[in-house]
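Source file: data37.txt (compact mmCIF, C-alpha atoms)
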# COMPACT_ATOMS: atom_id res chain seq x y z
CA MET A 657 -23.25 64.33 -10.98
CA ASP A 658 -23.52 68.08 -11.52
CA ALA A 659 -23.97 70.80 -8.90
CA ASP A 660 -27.74 70.93 -9.30
CA SER A 661 -28.04 67.19 -8.70
CA ILE A 662 -25.89 67.41 -5.60
CA LEU A 663 -27.98 70.27 -4.18
CA GLU A 664 -31.17 68.37 -4.97
CA ALA A 665 -29.87 65.34 -3.08
CA ILE A 666 -28.98 67.49 -0.07
CA PHE A 667 -31.93 69.88 -0.05
CA SER A 668 -35.18 68.80 -1.67
CA PHE A 669 -38.28 69.68 0.34
CA GLU A 670 -40.99 68.06 -1.73
CA ASN A 671 -43.80 66.60 0.40
CA TYR A 672 -41.97 67.89 3.46
CA GLY A 673 -45.15 68.38 5.49
CA GLU A 674 -46.24 64.77 5.03
CA LEU A 675 -42.81 63.48 5.95
CA LEU A 676 -42.70 65.67 9.05
CA VAL A 677 -45.88 64.08 10.40
CA LEU A 678 -44.48 60.59 9.86
CA VAL A 679 -41.24 61.13 11.79
CA GLN A 680 -42.46 62.80 14.97
CA ASN A 681 -41.10 59.91 17.04
CA SER A 682 -37.70 60.37 15.41
CA ILE A 683 -37.67 64.07 16.25
CA TRP A 684 -38.50 63.33 19.88
CA ALA A 685 -35.80 60.66 19.94
CA GLY A 686 -33.30 63.17 18.57
CA ALA A 687 -34.30 65.67 21.25
CA VAL A 688 -33.80 63.07 23.99
CA LEU A 689 -30.38 62.13 22.66
CA GLY A 690 -29.41 65.77 22.27
CA LEU A 691 -30.26 66.42 25.91
CA LEU A 692 -28.36 63.34 27.02
CA GLY A 693 -25.35 64.10 24.83
CA GLY A 694 -25.14 67.68 26.05
CA LEU A 695 -25.13 66.64 29.70
CA VAL A 696 -22.70 63.74 29.38
CA GLY A 697 -20.44 65.68 27.03
CA THR A 698 -19.59 68.28 29.66
CA PHE A 699 -17.98 65.62 31.85
CA VAL A 700 -16.35 63.96 28.85
CA MET A 701 -14.50 67.22 28.20
CA LYS A 702 -13.69 67.83 31.88
CA ARG A 703 -12.26 64.33 32.23
CA ASP A 704 -10.43 64.45 28.87
CA LEU A 705 -12.26 61.39 27.52
CA ALA A 706 -12.82 62.45 23.91
CA PHE A 707 -10.56 59.64 22.67
CA ALA A 708 -12.37 57.19 24.94
CA VAL A 709 -15.71 57.99 23.29
CA HIS A 710 -14.29 56.96 19.94
CA GLY A 711 -12.89 53.74 21.40
CA ILE A 712 -16.21 52.85 23.04
CA SER A 713 -18.08 53.57 19.82
CA GLU A 714 -15.97 51.04 17.92
CA LEU A 715 -16.85 48.21 20.31
CA SER A 716 -20.45 49.41 20.35
CA PHE A 717 -20.39 49.12 16.57
CA ALA A 718 -19.09 45.56 16.88
CA GLY A 719 -21.90 44.66 19.29
CA ALA A 720 -24.52 46.17 17.01
CA ALA A 721 -23.08 44.39 13.96
CA PHE A 722 -23.12 41.05 15.79
CA ALA A 723 -26.74 41.63 16.84
CA LEU A 724 -27.61 42.41 13.22
CA LEU A 725 -25.89 39.21 12.10
CA ILE A 726 -27.81 36.94 14.49
CA GLY A 727 -31.12 38.77 14.16
CA ALA A 728 -31.12 40.25 17.67
CA ASP A 729 -32.01 43.80 18.72
CA ILE A 730 -29.34 46.16 17.40
CA VAL A 731 -29.66 48.66 20.23
CA PHE A 732 -29.21 45.90 22.81
CA GLY A 733 -26.11 44.63 21.00
CA SER A 734 -24.75 48.16 20.85
CA LEU A 735 -25.35 48.59 24.58
CA ILE A 736 -23.52 45.36 25.40
CA GLY A 737 -20.49 46.41 23.35
CA SER A 738 -20.43 49.94 24.77
CA VAL A 739 -20.78 48.92 28.40
CA ALA A 740 -18.13 46.20 28.02
CA ALA A 741 -15.66 48.73 26.59
CA ALA A 742 -16.57 51.35 29.21
CA LEU A 743 -16.09 48.91 32.07
CA LEU A 744 -12.74 47.84 30.67
CA LEU A 745 -11.58 51.44 30.43
CA GLY A 746 -12.97 52.33 33.84
CA VAL A 747 -11.33 49.41 35.62
CA MET A 748 -7.99 49.32 33.82
CA GLY A 749 -7.39 52.86 32.61
CA VAL A 750 -6.53 54.66 35.83
CA ARG A 751 -3.76 56.83 34.43
CA ALA A 752 -4.11 58.78 31.19
CA ARG A 753 -1.24 56.86 29.59
CA ASP A 754 -2.83 53.51 30.46
CA LYS A 755 -6.26 54.65 29.29
CA ASN A 756 -4.96 55.84 25.92
CA SER A 757 -3.02 52.65 25.31
CA ILE A 758 -6.07 50.52 26.13
CA ILE A 759 -8.23 52.62 23.82
CA GLY A 760 -5.63 52.20 21.08
CA VAL A 761 -6.02 48.44 21.44
CA ILE A 762 -9.82 48.46 21.65
CA MET A 763 -10.44 50.65 18.60
CA PRO A 764 -8.95 48.43 15.86
CA PHE A 765 -10.22 45.29 17.61
CA GLY A 766 -13.80 46.58 17.75
CA LEU A 767 -13.69 47.93 14.20
CA GLY A 768 -12.26 44.66 12.91
CA LEU A 769 -14.97 42.63 14.64
CA GLY A 770 -17.66 44.93 13.32
CA ILE A 771 -16.40 44.63 9.74
CA LEU A 772 -16.21 40.84 10.11
CA PHE A 773 -19.82 40.60 11.32
CA LEU A 774 -21.07 42.93 8.59
CA SER A 775 -19.23 40.94 5.91
CA LEU A 776 -21.00 37.79 7.13
CA TYR A 777 -24.41 39.51 7.15
CA GLU A 778 -26.41 38.76 4.00
CA GLY A 779 -29.34 41.11 4.58
CA ARG A 780 -30.06 44.59 3.25
CA ALA A 781 -27.05 46.79 2.61
CA ALA A 782 -28.93 49.75 4.11
CA ASN A 783 -28.87 48.04 7.51
CA LYS A 784 -25.08 47.82 7.36
CA PHE A 785 -24.73 51.43 6.27
CA GLY A 786 -27.06 52.60 9.03
CA LEU A 787 -24.76 51.27 11.76
CA LEU A 788 -21.96 53.49 10.50
CA THR A 789 -23.88 56.64 9.53
CA GLY A 790 -27.01 56.62 11.70
CA GLN A 791 -30.61 55.71 10.99
CA ILE A 792 -33.31 57.26 13.15
CA VAL A 793 -36.12 57.89 10.67
CA SER A 794 -37.91 54.65 11.53
CA VAL A 795 -38.28 54.98 15.32
CA ASP A 796 -41.63 53.62 16.48
CA THR A 797 -43.47 54.35 19.73
CA VAL A 798 -42.08 51.32 21.56
CA GLN A 799 -38.51 52.16 20.57
CA LEU A 800 -39.01 55.79 21.57
CA GLN A 801 -40.31 54.77 24.99
CA ALA A 802 -37.37 52.41 25.53
CA LEU A 803 -34.93 55.08 24.39
CA ALA A 804 -36.45 57.76 26.58
CA GLY A 805 -36.61 55.43 29.58
CA THR A 806 -32.95 54.46 29.25
CA ALA A 807 -31.91 58.08 28.77
CA VAL A 808 -33.85 59.15 31.87
CA VAL A 809 -32.11 56.46 33.95
CA VAL A 810 -28.71 57.69 32.73
CA MET A 811 -29.55 61.34 33.40
CA VAL A 812 -30.94 60.62 36.88
CA ALA A 813 -27.81 58.63 37.75
CA LEU A 814 -25.62 61.43 36.39
CA ILE A 815 -27.45 64.08 38.42
CA ALA A 816 -27.18 61.90 41.55
CA ILE A 817 -23.36 61.84 41.30
CA TRP A 818 -23.02 65.31 39.75
CA ARG A 819 -21.27 67.15 42.62
CA PRO A 820 -18.70 64.49 43.62
CA LEU A 821 -18.09 63.64 39.96
CA ASN A 822 -17.48 67.30 39.17
CA PHE A 823 -15.06 67.56 42.10
CA ALA A 824 -13.25 64.39 41.03
CA SER A 825 -13.08 65.64 37.43
CA VAL A 826 -11.59 69.03 38.29
CA ASP A 827 -9.09 67.93 40.97
CA PRO A 828 -8.96 64.12 41.42
CA GLU A 829 -6.03 64.18 43.87
CA LEU A 830 -7.71 66.62 46.24
CA ALA A 831 -11.04 64.83 45.86
CA GLU A 832 -9.45 61.51 46.82
CA ALA A 833 -7.76 63.14 49.80
CA ARG A 834 -11.17 64.43 50.92
CA GLY A 835 -12.60 60.92 50.83
CA VAL A 836 -14.40 61.09 47.49
CA PRO A 837 -14.53 57.59 45.88
CA VAL A 838 -12.70 58.73 42.75
CA ARG A 839 -12.17 55.28 41.22
CA THR A 840 -15.76 54.18 41.81
CA LEU A 841 -17.07 57.40 40.30
CA ALA A 842 -14.81 56.87 37.28
CA ILE A 843 -16.23 53.39 36.69
CA VAL A 844 -19.84 54.55 37.16
CA PHE A 845 -19.36 57.45 34.77
CA MET A 846 -17.72 55.22 32.17
CA VAL A 847 -20.77 52.93 32.27
CA LEU A 848 -23.08 55.93 31.84
CA LEU A 849 -20.88 57.10 28.99
CA GLY A 850 -21.04 53.67 27.37
CA VAL A 851 -24.84 53.68 27.46
CA SER A 852 -24.88 57.22 26.04
CA VAL A 853 -22.58 56.20 23.18
CA ALA A 854 -24.80 53.23 22.33
CA LEU A 855 -27.91 55.40 22.24
CA SER A 856 -26.21 58.16 20.25
CA ILE A 857 -25.12 55.74 17.53
CA GLN A 858 -28.76 55.59 16.41
CA VAL A 859 -28.51 59.22 15.26
CA VAL A 860 -25.01 59.73 13.90
CA GLY A 861 -23.65 56.19 13.61
CA ALA A 862 -20.56 54.61 15.10
CA LEU A 863 -18.10 56.65 13.06
CA LEU A 864 -19.45 60.12 13.91
CA VAL A 865 -20.64 59.79 17.50
CA LEU A 866 -18.10 62.41 18.59
CA ALA A 867 -20.27 65.10 16.98
CA LEU A 868 -22.97 64.47 19.57
CA LEU A 869 -20.96 63.74 22.71
CA ILE A 870 -17.91 65.97 22.21
CA THR A 871 -18.45 68.91 19.87
CA PRO A 872 -21.37 70.63 21.69
CA ALA A 873 -19.54 70.65 25.02
CA ALA A 874 -16.29 71.70 23.34
CA ALA A 875 -18.15 74.60 21.70
CA ALA A 876 -19.70 75.65 24.99
CA LEU A 877 -16.30 75.72 26.69
CA ARG A 878 -15.08 78.12 24.00
CA VAL A 879 -17.53 80.86 24.97
CA THR A 880 -17.90 80.53 28.76
CA SER A 881 -16.12 79.24 31.83
CA SER A 882 -19.20 79.18 34.06
CA PRO A 883 -20.05 75.55 34.93
CA ALA A 884 -23.79 76.16 34.75
CA ALA A 885 -23.52 78.05 31.46
CA VAL A 886 -21.34 75.31 29.95
CA VAL A 887 -23.98 72.69 30.73
CA ALA A 888 -26.84 74.86 29.42
CA LEU A 889 -25.03 75.75 26.20
CA SER A 890 -23.82 72.20 25.65
CA VAL A 891 -27.38 70.90 25.87
CA ALA A 892 -28.68 73.71 23.63
CA PHE A 893 -26.00 73.05 21.00
CA ALA A 894 -26.58 69.29 21.05
CA LEU A 895 -30.34 69.75 20.71
CA THR A 896 -29.86 72.16 17.83
CA ALA A 897 -27.54 69.76 16.01
CA THR A 898 -29.67 66.63 16.47
CA VAL A 899 -33.17 68.02 15.95
CA GLY A 900 -31.97 70.44 13.27
CA GLY A 901 -30.10 67.66 11.51
CA ILE A 902 -33.16 65.42 11.47
CA LEU A 903 -35.37 68.23 10.11
CA LEU A 904 -32.86 68.99 7.35
CA ALA A 905 -32.39 65.31 6.51
CA LEU A 906 -36.09 64.97 5.73
CA GLY A 907 -35.55 67.23 2.75
CA GLY A 908 -32.65 65.26 1.28
CA ARG A 909 -31.70 61.80 0.11
CA ILE A 910 -28.56 61.34 2.19
CA PRO A 911 -28.20 59.94 5.74
CA ILE A 912 -28.88 62.04 8.81
CA SER A 913 -25.32 62.06 10.15
CA PRO A 914 -23.84 64.59 7.66
CA TYR A 915 -26.50 67.12 8.64
CA VAL A 916 -26.00 66.55 12.37
CA THR A 917 -22.23 66.66 12.19
CA THR A 918 -22.18 69.71 9.92
CA LEU A 919 -24.48 71.68 12.21
CA SER A 920 -22.40 70.63 15.20
CA PHE A 921 -19.19 71.67 13.44
CA LEU A 922 -20.61 75.05 12.39
CA ILE A 923 -21.69 75.73 15.97
CA TYR A 924 -18.17 74.94 17.15
CA VAL A 925 -16.59 77.20 14.51
CA VAL A 926 -18.83 80.11 15.51
CA CYS A 927 -18.12 79.57 19.22
CA ARG A 928 -14.40 79.31 18.57
CA ALA A 929 -14.50 82.60 16.66
CA ILE A 930 -16.43 84.25 19.49
CA GLY A 931 -13.98 82.84 22.02
CA SER A 932 -11.01 84.14 20.04
CA VAL A 933 -12.50 87.63 19.96
CA ARG A 934 -13.30 87.60 23.67
CA LYS A 935 -9.88 86.24 24.53
CA GLY A 936 -8.33 89.57 23.60
CA ARG A 937 -10.77 91.46 25.81
CA GLY A 938 -11.16 91.87 29.54
CA ILE A 939 -13.93 90.49 31.70
CA ASN A 940 -17.45 91.36 30.55
CA GLY A 941 -16.20 92.48 27.16
CA ARG A 942 -13.76 95.17 28.37
CA VAL A 943 -10.76 95.53 26.11
CA ALA A 944 -7.64 94.12 27.69
CA PRO A 945 -4.61 96.40 28.03
CA GLY A 946 -2.48 96.52 24.92
CA THR A 947 -5.15 95.02 22.62
CA ALA A 948 -7.08 98.14 21.67
Could the structure of this file be written out as structure tokens, please?
Amino acid sequence: MDADSILEAIFSFENYGELLVLVQNSIWAGAVLGLLGGLVGTFVMKRDLAFAVHGISELSFAGAAFALLIGADIVFGSLIGSVAAALLLGVMGVRARDKNSIIGVIMPFGLGLGILFLSLYEGRAANKFGLLTGQIVSVDTVQLQALAGTAVVVMVALIAIWRPLNFASVDPELAEARGVPVRTLAIVFMVLLGVSVALSIQVVGALLVLALLITPAAAALRVTSSPAAVVALSVAFALTATVGGILLALGGRIPISPYVTTLSFLIYVVCRAIGSVRKGRGINGRVAPGTA
């Protein structure tokens, strides 16, 4: 394949207007997931759970693959796998060392199960590929309503525990001494994270879910330390990556996930560069002593 063929596969906007009309539900679904990912991602970074997201996604992949094998709803299977992994991590992984060791066990187990179920599946190969790389171009109205409803429940629950969860994330020892139910909050958040991972897999697939739940928040933390600004930027970056990725994918012949992950990565690179420049300056852009 030559360079022109590669570019045509990535960017080919023939009949783009007609395609855009047909995938309005997918665009709305991407916006919902971007909003959810941006909000949840801020706490993922504060609680140092980036590795946990990957572990949960592997078991979510196994649940989705099993659902595909038996002809059940893939999203439901993904939710079962994610929540099971999240509960296991929330209950057993109290210390960072314990959590990481449990994740290290869950990841290969979930991936192995998922590969086993996919190898037994005799249906369309595109369905298998979609679990790994994302497939959101066929979202219908019923699926969009279910997705939006689930996302709203997660976001409402997250907002309800926002203040104590933030306190427990920043200083768990002090929060526990003040009577904050740190362990209970950890379990509740892990369940919310599990549901978010399962929903996000529809866009970027099981292998690249970090681009939606980690990278936007990580980028936001590179350019600001204000809690409110981090949340706002994380949501904005996640929305840009998801909706922008879907819009770009309509003009190509490759899955959505490369577009979403590339946009997310570029946003992070730009924010990291901005953060590096500002690091050598004082507050509000003043040049720090000795750096002029």
CA of Phe823 (chain A) to CA of Val836 (chain A): how many Å, to one decimal?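 Interatomic distance here is 8.4 Å.
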Spatial neighbours of Val826 (chain A), max dist 12 Å, all atoms listed in the file, sep filter under 3 positions, as a short mmCIF file (atom, residue, chain, number, x, y, z; two decimals) with C-alpha atoms, in the coordinates of the input:
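Output saved as around37.cif:
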data_model
loop_
_atom_site.label_atom_id
_atom_site.label_comp_id
_atom_site.auth_asym_id
_atom_site.auth_seq_id
_atom_site.Cartn_x
_atom_site.Cartn_y
_atom_site.Cartn_z
CA THR A 698 -19.59 68.28 29.66
CA PHE A 699 -17.98 65.62 31.85
CA VAL A 700 -16.35 63.96 28.85
CA MET A 701 -14.50 67.22 28.20
CA LYS A 702 -13.69 67.83 31.88
CA ARG A 703 -12.26 64.33 32.23
CA ASP A 704 -10.43 64.45 28.87
CA ARG A 819 -21.27 67.15 42.62
CA PRO A 820 -18.70 64.49 43.62
CA LEU A 821 -18.09 63.64 39.96
CA ASN A 822 -17.48 67.30 39.17
CA PHE A 823 -15.06 67.56 42.10
CA GLU A 829 -6.03 64.18 43.87
CA LEU A 830 -7.71 66.62 46.24
CA ALA A 831 -11.04 64.83 45.86
CA GLU A 832 -9.45 61.51 46.82
CA VAL A 838 -12.70 58.73 42.75
CA PRO A 883 -20.05 75.55 34.93
#
Near region 800-817 of chain A, counting all atoms listed in the file, which residues have an atom at most 9 Å away, once you skip same-chain residues fewer than 2 positions from it, shown as a VMD selection string? chain A and resid 681 to 682 684 to 685 688 to 689 691 to 692 695 to 696 795 to 798 819 to 822 841 844 to 845 848 to 849 851 to 852 855
Determine the nearest neighbour of Leu866 (chain A) from the options A:Ala740, A:Val853, A:Ile762, A:Val933, counting only C-alpha atoms.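 Smallest distance to Leu866 (chain A) is found for A:Val853.
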Would you kindly return, as a PyMOL selection string, each protein, DNA or RNA residue with an atom no farther than 7 Å from any atom of Thr871 (chain A), considering only C-alpha atoms and excluding same-chain residues fewer than 4 positions away? chain A and resi 866-867+875+920+924
Tell me which of A:Ala721, A:Glu714, A:Ile726, A:Ala824 sits closest to Gly760 (chain A), counting all atoms listed in the file.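 Among the listed residues, A:Glu714 lies closest to Gly760 (chain A).
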